[in-house]
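Inspection log for the structure reproduced underneath, given as structure tokens.
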Amino acid sequence: MKDALFGTEIEYGSAGEFPPARAATLVKNVIFAERRFGIIDPAPREWDETPGNGGFLFNGARLYLDSGHIEYATAECRTLDDIVEQENAADAILLDAVESQELNRRLFFIKNNTDYLGNTFGYHENYAVRRSPLSLDMATGLMPFLTTRQLYAGAGMTITDRDDGGLPFHISQRAAFVTIDMSQRVRFGGRPIVNLRDEPLTEEAGLRRLHVIVGDANRSEFATALKIGSTALVAQLLESGWSPDLALHAPVQTLKEISSNPAGPWSVDLADGRSMAALDVQRIYHHAADRAFRGRDSDTDWTLDAWSECLDGLDGDPTVLVGKVDWVTKLEQLRRFADDSPDGWGDPDLVKVDLAYHHIDPTVSLFAELQRRGVAPRRTQGDVNPLAVPAGTRARARGRIVRALVEAQADTLIDWKDVHRNLGALTNWNDQLFLVYQYIEDWHELDAYGGWDVIPYLIDWTGIGVRGKLCELPNPFESYTAVAEEFADKLGGYLRP
């Protein structure tokens with residue numbers, strides 16, 4: 001997609017014989033011990049991480065533990081096929097780890113956002129933008145779009161305790177856990193519709209990171225591509241100065257009301273006292289994107305066409321979107337189960353059917369069965385390739401150097417006792433280094449600290465350091481092929497001078 005760059009972060013739930021935190025740790029350890037997909041990164045990268053908490057993969061992505069879950073951050077992508085392929089690769093890598101330990105039927109990973117016991121885990125989207133997400137016009141412009149986007153991007157959720165007589169089903173899983181309209185926080189301080197985190201994606205290209213945390217993890221490749229494509233187009237509209245010229249009266253309430261009303265129709269109250277159909281809110285954004293971007297590239301045109309198809313289908317007969325829109329597809333399967341059950345919608349096994357939709361193991365996944373039947377169309381063809389690298393981004397260079405690190409067995413040079421004992425308590429404050437806590441933000445900090453004897457290599461999104469030799473990758477739109485190849489050729493000498 002022209003001028004667009006995006007990626008996602010998936011937190012996986014788990015089920016089976018192992019507690020979630022143990023399951024996540026077990027699989028993470030297997031993935032990096034076997035080095036079949038990437039290499040461990042010894043440095044703790046967040047305040048609550050321990051050394052060796054995760055690592056980078058040959059496909060440019062990163063896999064790590066977060067709050068007791070496996071989390072997979074895709075590489076930077078420029079096409080919708082690439083982002084779908086990156087998410088499919090995450091499923092394939094986890095399945096490979098389970099199968100290599102012969103844990104089939106004992107450990108299952110689930111791509112959804114709730115355990116149905118009142119807990120949620122995240123699915124985050126990242127988009128490159130050329131203006132700060134903190135700017136008022138960007139934040140207010142996103143609000144009506146993200147509040148109503150669930151109508152084609154929601155994953156659906158069975159509700160076991162609904163007592164108002166409505167259908168026990170919500171359109172979105174994350175909507176139930178949103179508590180505030182805007183916030184710079186992700187968890188503490190409220191989960192927002194619009195996340196105001198403002199971070200540089202690259203100083204060289206002047207790009208910022210738009211961080212979206214209100215969305216669901218989709219099983220449908222169609223829904224994943226449409227969710228990412230439509231949001232990328234809206235971000236480009238807003239950064240160009242366009243405005244939807246509308247504001248919602250109560251965004252959080254509206255988000256929840258839409259989600260809890262799968263039968264429709266869906267309306268929103270505006271700040272000026274008017275009411276408007278939620279689908280018409282989406283059409284304002286769609287029409288603006290169509291006028292501005294139609295005809296520029298195939299991903300853009302596909303997004304505009306799929307967007308229009310969904311809005312028209314939802315306005316008429318939503319069942320025409322079965323196989324494409326997750327919540328519509330899941331609701332149809334649940335209806336069939338409830339119709340065949342003597343308990344109807346009161347059958348407690350409906351939750352099992354719901355969870356089965358999200359299993360990534362194709363032998364037990366309801367969604368995989370729908371794909372096999374041809375009900376759910378795929379964007380990608382053939383078997384999933386977990387080693388495929390997105391084209392036209394720095395992910396290719398990162399993946400090449402990660403492969404060289406594996407070939408050089410760089411992880412065997414790590415003295416884990418030394419890392420735990422001597423790395424710690426490192427942070428920056430007022431341009432000075434203080435030994436306070438075990439944390440390294442990126443390779444710049446390790447280089448300034450002079451800690452290459454403790455950590456022989458450090459992999460970061462913007463570059464890779466090996467014993468003080470640095471391969472910088474500042475621009476996510478660049479492939480850095482020649483630079484990475486030269487660095488990879490010399491890497492063995494850097495590791496063992």
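Identifiers for the structure tokens are assigned positionally: chains receive A, B, ... in sequence, residues are indexed from 1 per chain, and ligands are indexed from 1 in the order shown.
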What are the DSSP alpha helix (DSSP H) residues of region 33-262 of chain A, as JSON, numbers by chain? {"A": [33, 34, 80, 81, 82, 83, 84, 85, 86, 87, 88, 89, 90, 91, 92, 93, 94, 95, 96, 97, 98, 99, 100, 136, 137, 138, 139, 140, 141, 142, 143, 144, 145, 146, 147, 148, 150, 151, 152, 153, 221, 222, 223, 224, 225, 226, 227, 228, 229, 230, 231, 232, 233, 234, 235, 236, 237, 238, 239, 251, 252, 253, 254, 255, 256, 257, 258, 259]}
Tell me, as a PyMOL selection string, which residues lie within 10 Å of region 365-378 of chain A, counting only C-alpha atoms; anything in the same chain fewer than 3 positions away does not count. chain A and resi 84+110+219-222+321-326+329-330+333+353-362+381-382
My list of candidates is A:Glu87, A:Asp115, A:Thr147, A:Gly229. Which is closest to Ile258 (chain A) when distances are computed with only C-alpha atoms? A:Thr147
Give me, please, the distance in Å between CA of Ala90 (chain A) and CA of Tyr72 (chain A), quoted to one decimal.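 Going from CA of Ala90 (chain A) over to CA of Tyr72 (chain A), I get 6.6 Å.
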Would you compute the distance between CA of Leu107 (chain A) and CA of Ala89 (chain A)? Give it in Å to one decimal. 18.4 Å
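Minimum atom-to-atom distances from A:Val252, A:Ala488, A:Ile10, A:Pro144 to Glu407 (chain A) were compared using only C-alpha atoms, and the lowest value belongs to A:Ala488.
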Show me, as a short mmCIF file (atom, residue, chain, number, x, y, z; two decimals) with N, CA, C and O atoms, in the first residue's frame, the residues that have an atom within 8 Å of Leu142 (chain A) when counting only C-alpha atoms, minus same-chain residues fewer than 2 positions from it.
```
data_model
loop_
_atom_site.label_atom_id
_atom_site.label_comp_id
_atom_site.auth_asym_id
_atom_site.auth_seq_id
_atom_site.Cartn_x
_atom_site.Cartn_y
_atom_site.Cartn_z
N MET A 138 -5.63 14.58 14.87
CA MET A 138 -5.41 13.16 14.66
C MET A 138 -6.23 12.33 15.65
O MET A 138 -6.93 11.38 15.28
N ALA A 139 -6.17 12.70 16.92
CA ALA A 139 -6.86 11.94 17.96
C ALA A 139 -8.38 12.01 17.80
O ALA A 139 -9.08 11.00 17.86
N THR A 140 -8.91 13.21 17.59
CA THR A 140 -10.36 13.35 17.45
C THR A 140 -10.86 12.78 16.14
O THR A 140 -11.98 12.29 16.05
N PRO A 144 -14.28 8.56 16.03
CA PRO A 144 -15.50 7.97 15.46
C PRO A 144 -15.20 6.74 14.61
O PRO A 144 -15.99 5.79 14.58
N PHE A 145 -14.06 6.75 13.92
CA PHE A 145 -13.70 5.61 13.08
C PHE A 145 -13.45 4.36 13.91
O PHE A 145 -14.02 3.29 13.64
N LEU A 146 -12.59 4.46 14.93
CA LEU A 146 -12.26 3.29 15.73
C LEU A 146 -13.45 2.79 16.55
O LEU A 146 -13.57 1.59 16.80
N VAL A 194 -8.58 5.52 21.77
CA VAL A 194 -7.45 6.13 21.07
C VAL A 194 -6.26 6.20 22.02
O VAL A 194 -6.34 6.85 23.07
N VAL A 234 -7.24 5.69 6.73
CA VAL A 234 -7.76 6.77 7.58
C VAL A 234 -6.60 7.55 8.19
O VAL A 234 -6.65 8.79 8.27
N ALA A 235 -5.55 6.87 8.62
CA ALA A 235 -4.38 7.57 9.16
C ALA A 235 -3.78 8.50 8.12
O ALA A 235 -3.37 9.63 8.43
#
```
Quick one: pick out all strand (DSSP E or B) residues within region 96-183 of chain A from a backbone DSSP run and write them as a ChimeraX atom specification. /A:107-110,114,120,123-129,157-158,169-170,180-183
Write out as a ChimeraX atom specification each polymer residue whose atoms come within 10 Å of Leu207 (chain A), counting only C-alpha atoms; drop sequence neighbours fewer than 2 positions from it. /A:127-132,199-205,209-210,475-476
The selected residues should be written to file as a short mmCIF file (atom, residue, chain, number, x, y, z; two decimals), in the first residue's frame (atoms: N, CA and C atoms).
```cif
data_model
loop_
_atom_site.label_atom_id
_atom_site.label_comp_id
_atom_site.auth_asym_id
_atom_site.auth_seq_id
_atom_site.Cartn_x
_atom_site.Cartn_y
_atom_site.Cartn_z
N TYR A 127 1.00 1.80 13.11
CA TYR A 127 1.00 2.42 11.79
C TYR A 127 2.01 3.57 11.77
N ALA A 128 2.73 3.69 10.67
CA ALA A 128 3.64 4.82 10.51
C ALA A 128 2.83 6.05 10.09
N VAL A 129 3.00 7.14 10.83
CA VAL A 129 2.32 8.39 10.50
C VAL A 129 3.35 9.52 10.48
N ARG A 130 3.01 10.55 9.77
CA ARG A 130 3.94 11.66 9.58
C ARG A 130 3.57 12.87 10.42
N ARG A 131 2.71 12.66 11.41
CA ARG A 131 2.43 13.70 12.38
C ARG A 131 2.15 13.03 13.72
N SER A 132 2.26 13.76 14.78
CA SER A 132 2.16 13.18 16.11
C SER A 132 0.75 12.65 16.39
N GLU A 199 5.64 7.94 19.92
CA GLU A 199 7.01 7.46 19.86
C GLU A 199 7.55 7.62 18.46
N PRO A 200 8.83 7.94 18.33
CA PRO A 200 9.42 8.00 16.99
C PRO A 200 9.58 6.61 16.40
N LEU A 201 9.14 6.44 15.17
CA LEU A 201 9.40 5.19 14.46
C LEU A 201 10.77 5.26 13.82
N THR A 202 11.13 6.43 13.35
CA THR A 202 12.47 6.71 12.88
C THR A 202 12.65 8.21 12.81
N GLU A 203 13.72 8.69 13.40
CA GLU A 203 14.00 10.12 13.34
C GLU A 203 14.41 10.54 11.93
N GLU A 204 15.11 9.63 11.24
CA GLU A 204 15.63 9.97 9.91
C GLU A 204 14.52 10.30 8.93
N ALA A 205 13.44 9.50 8.94
CA ALA A 205 12.35 9.71 8.00
C ALA A 205 11.22 10.57 8.58
N ARG A 209 4.82 6.69 15.49
CA ARG A 209 4.11 5.42 15.62
C ARG A 209 2.71 5.64 16.16
N LEU A 210 1.71 5.34 15.36
CA LEU A 210 0.32 5.34 15.81
C LEU A 210 0.03 3.96 16.38
N ASN A 475 15.68 3.60 8.81
CA ASN A 475 14.50 3.89 8.00
C ASN A 475 13.73 2.60 7.72
N PRO A 476 12.51 2.46 8.24
CA PRO A 476 11.76 1.21 8.05
C PRO A 476 11.36 0.96 6.61
#
```
Excluding Ala217 (chain A) and residues on its chain fewer than 3 positions from it, collect all residues at most 7 Å away from it, counting only C-alpha atoms, and give them as a PDB file with N, CA, C and O atoms, in the first residue's frame.
```pdb
ATOM      1  N   LYS A 111      -5.933 -17.676  19.464  1.00  0.00           N
ATOM      2  CA  LYS A 111      -5.768 -16.302  18.979  1.00  0.00           C
ATOM      3  C   LYS A 111      -7.082 -15.546  19.198  1.00  0.00           C
ATOM      4  O   LYS A 111      -7.932 -15.459  18.326  1.00  0.00           O
ATOM      5  N   ASN A 112      -7.233 -15.028  20.410  1.00  0.00           N
ATOM      6  CA  ASN A 112      -8.396 -14.208  20.721  1.00  0.00           C
ATOM      7  C   ASN A 112      -7.996 -13.191  21.780  1.00  0.00           C
ATOM      8  O   ASN A 112      -6.806 -12.947  21.976  1.00  0.00           O
ATOM      9  N   ASN A 113      -8.954 -12.608  22.480  1.00  0.00           N
ATOM     10  CA  ASN A 113      -8.624 -11.517  23.401  1.00  0.00           C
ATOM     11  C   ASN A 113      -9.269 -11.630  24.775  1.00  0.00           C
ATOM     12  O   ASN A 113      -9.278 -10.664  25.526  1.00  0.00           O
ATOM     13  N   TYR A 123      -4.313  -7.207  21.486  1.00  0.00           N
ATOM     14  CA  TYR A 123      -3.956  -7.244  20.076  1.00  0.00           C
ATOM     15  C   TYR A 123      -3.745  -5.791  19.688  1.00  0.00           C
ATOM     16  O   TYR A 123      -4.683  -4.998  19.725  1.00  0.00           O
ATOM     17  N   ALA A 155     -14.293  -9.572  16.485  1.00  0.00           N
ATOM     18  CA  ALA A 155     -14.131 -11.028  16.467  1.00  0.00           C
ATOM     19  C   ALA A 155     -15.312 -11.757  17.087  1.00  0.00           C
ATOM     20  O   ALA A 155     -15.449 -12.964  16.929  1.00  0.00           O
TER      21      ALA A 155
END
```
Of the candidates A:Pro20, A:Pro42, A:Gly13, A:Gly215, which one gets nearest to His420 (chain A) if we count only C-alpha atoms?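 Comparing A:Pro20, A:Pro42, A:Gly13, A:Gly215 against His420 (chain A), the winner is A:Pro42.
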Closest to Gly166 (chain A) among A:Ile414, A:Ala97, A:Ala263, A:Leu270, using only C-alpha atoms?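 Ranked by minimum distance to Gly166 (chain A), first place goes to A:Ala263.
Using only C-alpha atoms, the shortest contact distance between Phe293 (chain A) and any of A:Leu237, A:Arg467, A:Pro44, A:Thr114 is found at A:Leu237.
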What gap, in Å, lies between CA of Glu46 (chain A) and CA of Tyr439 (chain A)?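 We find that CA of Glu46 (chain A) and CA of Tyr439 (chain A) lie 6.1 Å from each other.
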For Gly392 (chain A), the nearest of the candidates A:Thr79, A:Asn195, A:Ser341, A:Gln101, counting only C-alpha atoms: A:Thr79
Determine, counting only C-alpha atoms, which protein, DNA and RNA residues have an atom within 12 Å of an atom of Phe487 (chain A); residues of the same chain fewer than 3 positions away are not included. Present the result as a PDB file with C-alpha atoms, in the first residue's frame.
```
ATOM      1  CA  ALA A 397      18.124  -6.843   6.702  1.00  0.00           C
ATOM      2  CA  ARG A 398      17.204  -7.716  10.288  1.00  0.00           C
ATOM      3  CA  ARG A 400      19.529 -11.703   7.371  1.00  0.00           C
ATOM      4  CA  ILE A 401      21.655 -10.678  10.348  1.00  0.00           C
ATOM      5  CA  VAL A 402      19.616 -12.821  12.736  1.00  0.00           C
ATOM      6  CA  ARG A 403      20.324 -15.785  10.465  1.00  0.00           C
ATOM      7  CA  ALA A 404      24.031 -14.941  10.510  1.00  0.00           C
ATOM      8  CA  LEU A 405      23.984 -14.802  14.307  1.00  0.00           C
ATOM      9  CA  GLY A 463      19.711  -1.704  14.282  1.00  0.00           C
ATOM     10  CA  ILE A 464      21.888  -4.527  15.527  1.00  0.00           C
ATOM     11  CA  GLY A 465      25.078  -4.357  17.549  1.00  0.00           C
ATOM     12  CA  VAL A 466      27.740  -7.062  17.823  1.00  0.00           C
ATOM     13  CA  LYS A 469      30.155  -2.998  15.808  1.00  0.00           C
ATOM     14  CA  LEU A 470      26.858  -1.522  14.699  1.00  0.00           C
ATOM     15  CA  CYS A 471      24.583  -2.059  11.722  1.00  0.00           C
ATOM     16  CA  GLU A 472      22.110   0.793  11.781  1.00  0.00           C
ATOM     17  CA  LEU A 473      18.664   0.383  10.174  1.00  0.00           C
ATOM     18  CA  TYR A 480      19.419  -2.263   3.567  1.00  0.00           C
ATOM     19  CA  THR A 481      20.224  -5.447   1.642  1.00  0.00           C
ATOM     20  CA  ALA A 482      23.865  -4.678   0.796  1.00  0.00           C
ATOM     21  CA  VAL A 483      24.580  -3.216   4.248  1.00  0.00           C
ATOM     22  CA  ALA A 484      23.163  -6.263   5.985  1.00  0.00           C
ATOM     23  CA  LYS A 490      31.971  -9.879   9.035  1.00  0.00           C
ATOM     24  CA  LEU A 491      29.879 -10.935  11.997  1.00  0.00           C
ATOM     25  CA  GLY A 492      31.922 -13.998  12.913  1.00  0.00           C
ATOM     26  CA  GLY A 493      35.037 -11.868  13.268  1.00  0.00           C
ATOM     27  CA  TYR A 494      33.193  -9.363  15.425  1.00  0.00           C
ATOM     28  CA  LEU A 495      32.048 -12.097  17.796  1.00  0.00           C
TER      29      LEU A 495
END
```
List as a list in words the protein and nucleic acid residues near region 21-25 of chain A, meaning an atom at most 7 Å away when only C-alpha atoms are counted, but skip any in the same chain fewer than 4 places from it. Asn29, Leu65, Gly68, His69 and Ile70 of chain A
For those residues, write C-alpha atoms to a file as a PDB file, in the first residue's frame.
```pdb
ATOM      1  CA  ASN A  29      12.319 -21.643  25.391  1.00  0.00           C
ATOM      2  CA  LEU A  65       6.813 -13.055  26.939  1.00  0.00           C
ATOM      3  CA  GLY A  68       2.505 -14.408  31.234  1.00  0.00           C
ATOM      4  CA  HIS A  69       1.504 -14.620  27.562  1.00  0.00           C
ATOM      5  CA  ILE A  70       3.376 -15.366  24.372  1.00  0.00           C
TER       6      ILE A  70
END
```
